[in-house]
Amino acid sequence: MSTIHYPKSLQRKRYLAGLLEIACQELELPALKWESAKTAYGSVGTWLNECSTLSQWDPLILPQGSAALGTTVKPTNSENFDIDLVCHLRKATDASCHITVKRLVGQRLKEYEKRGPKCSEYKRCWRLDYAVGSQMHLDITPAVNHTASGYRALAVPDRELKCWQESNPPDYVKLFTEVAALQPIITSELVEFSAKAARAEIRPLPDQTPIKGYLRRTVQLVKRHRSIHFEKQPDLAPISIILTTLAMRAYAKIVSERRAYNNEFDVVCDVVRLMPDFIRTPGQVGEWQIMNDTTKRENFAEKWNKPGSLLAASFYAWHRAASADFQALADAADRAASSIIFDRILGTRLGTTVRAKEESLIKEARQHQAIAITRNGTLNTYAGIMVPATTFFGV
Amino acid sequence: MPYFPKLPVLNLGQQLAGLKATYPSGAGNISQRVLRWSTELTPTPLSRAYCVEIELRQCNRPKVFVRTPCLLDLANGRKIPHLYCQNPAELCLYYPEFKQWTHSHSLARTVIPWSSLWLYYFEDWMIDGEWKGGGIHPKIS
């Protein structure tokens, strides 16, 4: 960072962080929806337990994936959130046939249709679709205890549905939550800036709350950028668990190395930049490993290793684009240029929503006669020279 | 009849003093009964810095021009809304009939803040072609 333009670039990056926070709030599963999802899967769990066949296996429904991690991203093509769940049959092991287990869970879930949601079969899971307006569906993957691993791992049907595969959603959630709770070093300038903002001496628009959890927000942003980048070729998109795992390790690294930041935007950029450092290429050329730290053998990048797979190359191409787009956001000449990059990261629809939110903050401040400018003519709220009401005139 | 005390008219010297005190990075003078003041405005931290020049004669309304960058170039051929004149770009900042500005109003506390707000909406307009700042367009017969 150039020291000459330091104060200006600091303000700029804080403002960008504010806009990204607004975007992430739009993307996330609203708290109320999450509450109703919990109620919904709770009653599905009770329903499964009331089945005489399944109850002997002691089923328990657990959240997994983005809903459990707090990294949900509204899909680009629908208004519905996917809530991923495992149905852990706590008294069953991988000695049972995975096809039979999946069928038995499915049969019981089909009977649940009389309670409302429509049940349909997917490759690895069963989906319960709730009424229009609920904005969610529950994807329920059956799971049993993984005996070979020697610790409390689960087994879920593998992606090709040939056998059970080791997995460990509860421990993954625990690990991610622990890493997300770590805090990078924030320099005194940012602390001071935030303190001033809190005292309403400086309240730059968008008048925002600080980024809510760097790791979770970064994961949301890279997942969104991935979905937009691969909109026309979704089969080549890196899967969410890969992005989540790499971002988690990158975040753990910046914290453990005690890197210092004077703004939140740089934290996000640094995590994005470091993501590929955690892909391992042991042994032969073209062998990729992104291991699940909470299992012994699960390699999230398994599909990359298939002959002729383009997945590794497409990950790196995406990563170059993502790093370049975040950097470009910091360097854009004006708001018009920034908005083009925002649209590349977030998609035009969300980009437009974020701009509308930013504009509504200004509008609201004008209505409350709370808009002011600083001595260098930057709009903000309540600090500096108040902007009186006016009616723009002219042809 | 309610009584509204008439505010004293500010002369050019008082206006200049107000501008100097409020925006120390700007510069200007009074020459041949014309006040000229230039200052840089950056409506948001993501915005460009615009060099704005104000011109005020004692018997006339203030004129506000954007000197750099050239708004016409930025607009790329589109007609910019809420301007008295497209080239040089002269901003329409208030509705004269509402008396939102008179010679009793300080430029530092009205015209300059309005210019920053105008530039914010201009940038918005650049993005999607829509003027979101409200206002009145005079009817042209």
# chains A, B, ... in the order shown; residues from 1 in each chain; ligands from 1
$ interface_residues --of "chain A" --to "chain B" --cutoff "10 Å" --atoms "only C-alpha atoms" --output "number ranges by chain"
A: 8-16, 204-206, 329-340, 352, 355-356, 359-360, 362-363, 366, 371-380, 384-395
$ write_last_selection --atoms "N, CA and C atoms" --output "compact mmCIF listing (two decimals), in the first residue's frame"
# COMPACT_ATOMS: atom_id res chain seq x y z
N LYS A 8 -6.67 8.04 2.44
CA LYS A 8 -7.74 7.94 1.47
C LYS A 8 -8.04 6.46 1.18
N SER A 9 -6.98 5.69 1.01
CA SER A 9 -7.21 4.28 0.67
C SER A 9 -7.79 3.53 1.86
N LEU A 10 -7.46 3.99 3.05
CA LEU A 10 -8.05 3.36 4.24
C LEU A 10 -9.56 3.59 4.26
N GLN A 11 -9.96 4.83 4.02
CA GLN A 11 -11.39 5.13 3.99
C GLN A 11 -12.09 4.34 2.90
N ARG A 12 -11.42 4.26 1.77
CA ARG A 12 -11.98 3.56 0.62
C ARG A 12 -12.20 2.08 0.94
N LYS A 13 -11.20 1.47 1.56
CA LYS A 13 -11.32 0.05 1.87
C LYS A 13 -12.36 -0.20 2.95
N ARG A 14 -12.47 0.72 3.88
CA ARG A 14 -13.51 0.56 4.91
C ARG A 14 -14.90 0.68 4.29
N TYR A 15 -15.01 1.57 3.34
CA TYR A 15 -16.30 1.74 2.66
C TYR A 15 -16.63 0.48 1.86
N LEU A 16 -15.62 -0.07 1.16
CA LEU A 16 -15.82 -1.31 0.40
C LEU A 16 -16.25 -2.44 1.33
N PRO A 204 -19.09 7.29 7.97
CA PRO A 204 -19.14 7.28 6.51
C PRO A 204 -20.33 6.47 6.04
N LEU A 205 -20.88 6.87 4.91
CA LEU A 205 -21.95 6.08 4.32
C LEU A 205 -21.30 5.02 3.44
N PRO A 206 -21.78 3.81 3.28
CA PRO A 206 -22.93 3.33 4.00
C PRO A 206 -22.66 3.22 5.50
N LEU A 329 -11.21 -3.95 -7.16
CA LEU A 329 -12.17 -3.19 -6.37
C LEU A 329 -11.44 -2.10 -5.57
N ALA A 330 -10.27 -2.47 -5.06
CA ALA A 330 -9.50 -1.50 -4.28
C ALA A 330 -8.92 -0.40 -5.16
N ASP A 331 -8.74 -0.71 -6.46
CA ASP A 331 -8.05 0.25 -7.35
C ASP A 331 -8.98 1.02 -8.28
N ALA A 332 -10.30 0.70 -8.28
CA ALA A 332 -11.20 1.30 -9.28
C ALA A 332 -11.20 2.82 -9.20
N ALA A 333 -11.33 3.48 -10.38
CA ALA A 333 -11.22 4.93 -10.45
C ALA A 333 -12.40 5.65 -9.82
N ASP A 334 -13.58 5.11 -9.98
CA ASP A 334 -14.76 5.79 -9.44
C ASP A 334 -15.86 4.78 -9.14
N ARG A 335 -17.04 5.29 -8.75
CA ARG A 335 -18.11 4.38 -8.38
C ARG A 335 -18.64 3.58 -9.55
N ALA A 336 -18.62 4.19 -10.74
CA ALA A 336 -19.10 3.46 -11.93
C ALA A 336 -18.19 2.25 -12.18
N ALA A 337 -16.87 2.47 -12.09
CA ALA A 337 -15.93 1.37 -12.30
C ALA A 337 -16.07 0.33 -11.19
N SER A 338 -16.24 0.80 -9.95
CA SER A 338 -16.43 -0.14 -8.83
C SER A 338 -17.67 -0.99 -9.04
N SER A 339 -18.73 -0.36 -9.56
CA SER A 339 -19.99 -1.10 -9.67
C SER A 339 -19.88 -2.23 -10.69
N ILE A 340 -19.07 -2.04 -11.72
CA ILE A 340 -18.87 -3.12 -12.71
C ILE A 340 -18.19 -4.31 -12.03
N THR A 352 -27.01 -4.59 -7.92
CA THR A 352 -28.02 -3.52 -7.98
C THR A 352 -28.68 -3.33 -6.61
N ARG A 355 -26.36 -1.36 -4.36
CA ARG A 355 -26.36 0.07 -4.70
C ARG A 355 -27.64 0.74 -4.22
N ALA A 356 -28.76 0.02 -4.34
CA ALA A 356 -30.03 0.60 -3.89
C ALA A 356 -30.01 0.81 -2.39
N GLU A 359 -27.88 3.81 -1.66
CA GLU A 359 -28.60 5.02 -2.02
C GLU A 359 -29.70 5.32 -1.00
N SER A 360 -30.33 4.25 -0.47
CA SER A 360 -31.41 4.48 0.49
C SER A 360 -30.85 5.03 1.81
N ILE A 362 -28.43 7.23 1.95
CA ILE A 362 -28.30 8.67 1.67
C ILE A 362 -29.68 9.33 1.73
N LYS A 363 -30.64 8.65 1.10
CA LYS A 363 -31.99 9.20 1.03
C LYS A 363 -32.58 9.38 2.43
N ARG A 366 -31.02 12.18 4.17
CA ARG A 366 -31.55 13.47 3.68
C ARG A 366 -32.91 13.75 4.30
N ILE A 371 -27.76 14.52 6.89
CA ILE A 371 -26.62 14.34 5.99
C ILE A 371 -25.67 15.53 6.08
N ALA A 372 -24.40 15.20 6.05
CA ALA A 372 -23.39 16.24 6.21
C ALA A 372 -22.24 15.94 5.26
N ILE A 373 -21.32 16.91 5.11
CA ILE A 373 -20.10 16.62 4.37
C ILE A 373 -18.90 16.97 5.24
N THR A 374 -17.81 16.26 4.96
CA THR A 374 -16.57 16.55 5.68
C THR A 374 -15.89 17.73 4.97
N ARG A 375 -14.74 18.12 5.46
CA ARG A 375 -14.05 19.26 4.87
C ARG A 375 -13.52 18.96 3.47
N ASN A 376 -13.40 17.67 3.12
CA ASN A 376 -13.05 17.40 1.72
C ASN A 376 -14.26 16.98 0.90
N GLY A 377 -15.43 17.33 1.41
CA GLY A 377 -16.64 17.17 0.60
C GLY A 377 -17.16 15.76 0.50
N THR A 378 -16.85 14.91 1.50
CA THR A 378 -17.36 13.54 1.46
C THR A 378 -18.62 13.45 2.31
N LEU A 379 -19.65 12.86 1.71
CA LEU A 379 -20.93 12.75 2.41
C LEU A 379 -20.81 11.79 3.58
N ASN A 380 -21.47 12.11 4.65
CA ASN A 380 -21.55 11.21 5.79
C ASN A 380 -22.75 11.64 6.62
N GLY A 384 -19.77 17.05 10.60
CA GLY A 384 -19.24 18.05 9.69
C GLY A 384 -20.28 19.10 9.35
N ILE A 385 -20.29 19.50 8.07
CA ILE A 385 -21.15 20.58 7.63
C ILE A 385 -22.45 19.95 7.12
N MET A 386 -23.55 20.30 7.77
CA MET A 386 -24.82 19.68 7.39
C MET A 386 -25.21 20.11 5.98
N VAL A 387 -25.85 19.20 5.26
CA VAL A 387 -26.33 19.51 3.91
C VAL A 387 -27.81 19.89 4.04
N PRO A 388 -28.16 21.16 3.81
CA PRO A 388 -29.57 21.54 3.95
C PRO A 388 -30.42 20.91 2.84
N ALA A 389 -31.72 20.86 3.06
CA ALA A 389 -32.63 20.32 2.04
C ALA A 389 -32.52 21.16 0.77
N THR A 390 -32.60 20.52 -0.36
CA THR A 390 -32.61 21.25 -1.62
C THR A 390 -33.42 20.51 -2.65
N THR A 391 -33.80 21.21 -3.70
CA THR A 391 -34.54 20.62 -4.82
C THR A 391 -33.70 20.87 -6.06
N PHE A 392 -33.09 19.82 -6.61
CA PHE A 392 -32.27 20.02 -7.80
C PHE A 392 -33.17 20.53 -8.92
N PHE A 393 -32.64 21.48 -9.63
CA PHE A 393 -33.44 22.15 -10.65
C PHE A 393 -32.73 21.97 -11.98
N GLY A 394 -33.37 22.42 -13.03
CA GLY A 394 -32.65 22.51 -14.30
C GLY A 394 -33.04 21.46 -15.31
N VAL A 395 -32.68 21.75 -16.54
CA VAL A 395 -33.09 20.89 -17.65
C VAL A 395 -32.20 19.67 -17.76
$ select_by_dssp --residues "region 77-306 of chain A" --states "helix (DSSP H, G or I)" --output "MDAnalysis selection string"
chainID A and resid 98:115 169:180 188:198 214:229 234:236 240:256 264:278 302:305
$ residues_around --residues "region 227-242 of chain A" --least-positions-apart "2" --cutoff "8 Å" --atoms "only C-alpha atoms" --output "compact mmCIF listing (two decimals) with N, CA and C atoms, in the first residue's frame"
# COMPACT_ATOMS: atom_id res chain seq x y z
N GLY A 65 -23.04 -28.54 6.45
CA GLY A 65 -22.89 -27.60 5.33
C GLY A 65 -23.09 -26.16 5.76
N THR A 76 -28.15 -18.44 -7.02
CA THR A 76 -28.28 -17.39 -8.04
C THR A 76 -29.57 -17.56 -8.84
N LYS A 223 -17.84 -17.97 -2.43
CA LYS A 223 -18.86 -18.88 -2.98
C LYS A 223 -19.73 -18.15 -4.00
N ARG A 224 -20.07 -16.90 -3.68
CA ARG A 224 -20.89 -16.14 -4.60
C ARG A 224 -20.12 -15.86 -5.89
N HIS A 225 -18.87 -15.43 -5.75
CA HIS A 225 -18.05 -15.15 -6.94
C HIS A 225 -17.93 -16.41 -7.80
N THR A 244 -14.65 -23.48 1.28
CA THR A 244 -14.76 -23.26 2.72
C THR A 244 -13.49 -23.74 3.43
N THR A 245 -13.02 -24.92 3.05
CA THR A 245 -11.84 -25.50 3.71
C THR A 245 -10.59 -24.66 3.43
N LEU A 246 -10.41 -24.25 2.17
CA LEU A 246 -9.21 -23.47 1.84
C LEU A 246 -9.25 -22.10 2.52
N ILE A 290 -7.10 -32.09 -0.99
CA ILE A 290 -7.60 -31.11 -0.02
C ILE A 290 -8.30 -31.97 1.02
N PHE A 300 -11.46 -33.88 -0.34
CA PHE A 300 -12.51 -33.10 -1.01
C PHE A 300 -12.23 -32.94 -2.50
N ALA A 301 -10.95 -33.06 -2.88
CA ALA A 301 -10.57 -32.85 -4.28
C ALA A 301 -10.49 -34.17 -5.06
N LEU A 310 -11.04 -31.46 -15.57
CA LEU A 310 -10.65 -30.05 -15.76
C LEU A 310 -10.83 -29.26 -14.46
N LEU A 311 -11.20 -29.97 -13.38
CA LEU A 311 -11.58 -29.26 -12.15
C LEU A 311 -10.43 -28.48 -11.51
N SER A 314 -9.79 -25.43 -13.58
CA SER A 314 -10.84 -24.43 -13.47
C SER A 314 -10.82 -23.76 -12.10
N PHE A 315 -10.38 -24.50 -11.06
CA PHE A 315 -10.22 -23.85 -9.75
C PHE A 315 -9.19 -22.73 -9.85
N TRP A 318 -10.44 -19.79 -11.80
CA TRP A 318 -11.38 -19.02 -10.98
C TRP A 318 -10.62 -18.19 -9.94
N ARG A 344 -19.37 -8.24 -11.07
CA ARG A 344 -18.61 -9.47 -11.40
C ARG A 344 -18.52 -10.38 -10.18
N ILE A 345 -18.40 -9.78 -9.00
CA ILE A 345 -18.26 -10.57 -7.78
C ILE A 345 -19.61 -11.08 -7.30
N LEU A 346 -20.62 -10.21 -7.37
CA LEU A 346 -21.91 -10.52 -6.73
C LEU A 346 -23.02 -10.90 -7.70
N GLY A 347 -22.83 -10.60 -8.98
CA GLY A 347 -23.92 -10.75 -9.95
C GLY A 347 -24.66 -9.43 -10.04
$ residues_around --residues "region 113-118 of chain A" --least-positions-apart "3" --cutoff "6 Å" --atoms "only C-alpha atoms" --output "compact mmCIF listing (two decimals) with C-alpha atoms, in the first residue's frame"
# COMPACT_ATOMS: atom_id res chain seq x y z
CA LYS A 110 -42.39 -40.10 1.67
CA LEU A 128 -38.23 -32.05 1.39
CA ASP A 129 -39.69 -29.10 -0.49
CA TYR A 130 -41.76 -26.76 1.62
$ residues_around --residues "region 103-106 of chain B" --least-positions-apart "2" --cutoff "9 Å" --atoms "only C-alpha atoms" --output "PDB file with C-alpha atoms, in the first residue's frame"
ATOM      1  CA  LYS B   6     -35.082  39.271   7.540  1.00  0.00           C
ATOM      2  CA  LEU B   7     -31.625  37.731   7.590  1.00  0.00           C
ATOM      3  CA  PRO B   8     -28.783  40.068   6.788  1.00  0.00           C
ATOM      4  CA  VAL B   9     -27.287  39.818   3.324  1.00  0.00           C
ATOM      5  CA  LEU B  10     -23.760  38.421   3.291  1.00  0.00           C
ATOM      6  CA  ASN B  11     -21.286  40.371   1.208  1.00  0.00           C
ATOM      7  CA  GLN B  14     -18.049  37.389   4.308  1.00  0.00           C
ATOM      8  CA  GLN B  15     -18.801  34.553   1.886  1.00  0.00           C
ATOM      9  CA  GLY B  18     -16.838  31.425   5.402  1.00  0.00           C
ATOM     10  CA  LEU B  19     -15.473  29.251   2.590  1.00  0.00           C
ATOM     11  CA  GLN B  58     -23.318  40.374  -5.545  1.00  0.00           C
ATOM     12  CA  CYS B  59     -26.403  40.772  -7.677  1.00  0.00           C
ATOM     13  CA  ASN B  60     -26.553  37.318  -9.197  1.00  0.00           C
ATOM     14  CA  ARG B  61     -27.137  33.670  -8.249  1.00  0.00           C
ATOM     15  CA  GLN B 100     -33.611  27.738  -0.945  1.00  0.00           C
ATOM     16  CA  TRP B 101     -30.703  30.068  -1.592  1.00  0.00           C
ATOM     17  CA  ALA B 108     -20.029  27.152   2.532  1.00  0.00           C
ATOM     18  CA  ARG B 109     -23.103  25.740   4.222  1.00  0.00           C
ATOM     19  CA  THR B 110     -25.413  25.389   1.223  1.00  0.00           C
ATOM     20  CA  VAL B 111     -23.933  25.438  -2.248  1.00  0.00           C
TER      21      VAL B 111
END
$ select_by_dssp --residues "region 46-98 of chain B" --states "strand (DSSP E)" --output "VMD selection string"
chain B and resid 50 to 57 63 to 68 83 to 85 90 to 91
$ residues_around --residues "region 256-266 of chain A" --least-positions-apart "6" --cutoff "6 Å" --atoms "only C-alpha atoms" --output "tab-separated table (two decimals) with C-alpha atoms, in the first residue's frame"
chain	number	residue	atom	x	y	z
A	13	LYS	CA	-11.32	0.05	1.87
A	17	ALA	CA	-15.93	-3.55	3.46
A	185	ILE	CA	-4.54	-8.34	14.58
A	186	ILE	CA	-6.27	-5.07	13.86
A	187	THR	CA	-4.01	-2.06	14.13
A	190	LEU	CA	-8.73	0.82	12.65
$ atom_distance --atom1 "CA of Ala40 (chain A)" --atom2 "CA of Asn77 (chain A)"
23.6 Å
$ atom_distance --atom1 "CA of Ala67 (chain A)" --atom2 "CA of Phe81 (chain A)"
8.9 Å
$ atom_distance --atom1 "CA of Thr71 (chain A)" --atom2 "CA of Gln220 (chain A)"
5.4 Å
$ residues_around --residues "region 268-277 of chain A" --least-positions-apart "3" --cutoff "7 Å" --atoms "only C-alpha atoms" --output "list of chain:residue names"
A:Tyr214, A:Thr218, A:Leu246, A:Ala247, A:Ala250, A:Tyr251, A:Glu264, A:Phe265, A:Ser323, A:Phe326
$ write_last_selection --atoms "N, CA and C atoms" --output "PDB file, in the first residue's frame"
ATOM      1  N   TYR A 214     -14.944 -12.288   9.882  1.00  0.00           N
ATOM      2  CA  TYR A 214     -14.195 -12.251   8.619  1.00  0.00           C
ATOM      3  C   TYR A 214     -14.293 -13.562   7.844  1.00  0.00           C
ATOM      4  N   THR A 218     -15.977 -14.002   4.212  1.00  0.00           N
ATOM      5  CA  THR A 218     -15.102 -14.317   3.081  1.00  0.00           C
ATOM      6  C   THR A 218     -15.611 -15.556   2.354  1.00  0.00           C
ATOM      7  N   LEU A 246     -10.414 -24.253   2.171  1.00  0.00           N
ATOM      8  CA  LEU A 246      -9.213 -23.474   1.837  1.00  0.00           C
ATOM      9  C   LEU A 246      -9.246 -22.105   2.522  1.00  0.00           C
ATOM     10  N   ALA A 247     -10.422 -21.493   2.555  1.00  0.00           N
ATOM     11  CA  ALA A 247     -10.538 -20.177   3.214  1.00  0.00           C
ATOM     12  C   ALA A 247     -10.287 -20.316   4.715  1.00  0.00           C
ATOM     13  N   ALA A 250      -6.564 -20.638   5.220  1.00  0.00           N
ATOM     14  CA  ALA A 250      -5.899 -19.357   4.949  1.00  0.00           C
ATOM     15  C   ALA A 250      -6.128 -18.394   6.120  1.00  0.00           C
ATOM     16  N   TYR A 251      -7.335 -18.407   6.647  1.00  0.00           N
ATOM     17  CA  TYR A 251      -7.663 -17.522   7.770  1.00  0.00           C
ATOM     18  C   TYR A 251      -6.871 -17.920   9.011  1.00  0.00           C
ATOM     19  N   GLU A 264     -10.738  -3.932   7.217  1.00  0.00           N
ATOM     20  CA  GLU A 264     -11.335  -5.263   7.100  1.00  0.00           C
ATOM     21  C   GLU A 264     -11.237  -5.818   5.687  1.00  0.00           C
ATOM     22  N   PHE A 265     -11.253  -4.925   4.714  1.00  0.00           N
ATOM     23  CA  PHE A 265     -11.208  -5.362   3.316  1.00  0.00           C
ATOM     24  C   PHE A 265      -9.924  -6.134   3.033  1.00  0.00           C
ATOM     25  N   SER A 323      -9.043 -13.226  -7.282  1.00  0.00           N
ATOM     26  CA  SER A 323      -8.016 -12.357  -6.684  1.00  0.00           C
ATOM     27  C   SER A 323      -7.939 -11.040  -7.443  1.00  0.00           C
ATOM     28  N   PHE A 326     -11.027  -8.744  -6.621  1.00  0.00           N
ATOM     29  CA  PHE A 326     -10.960  -8.079  -5.311  1.00  0.00           C
ATOM     30  C   PHE A 326      -9.914  -6.963  -5.326  1.00  0.00           C
TER      31      PHE A 326
END
$ closest_residue --among "B:Val52, B:Leu16, B:Leu119, B:Gln32" --to "Arg67 (chain B)" --atoms "only C-alpha atoms"
B:Val52
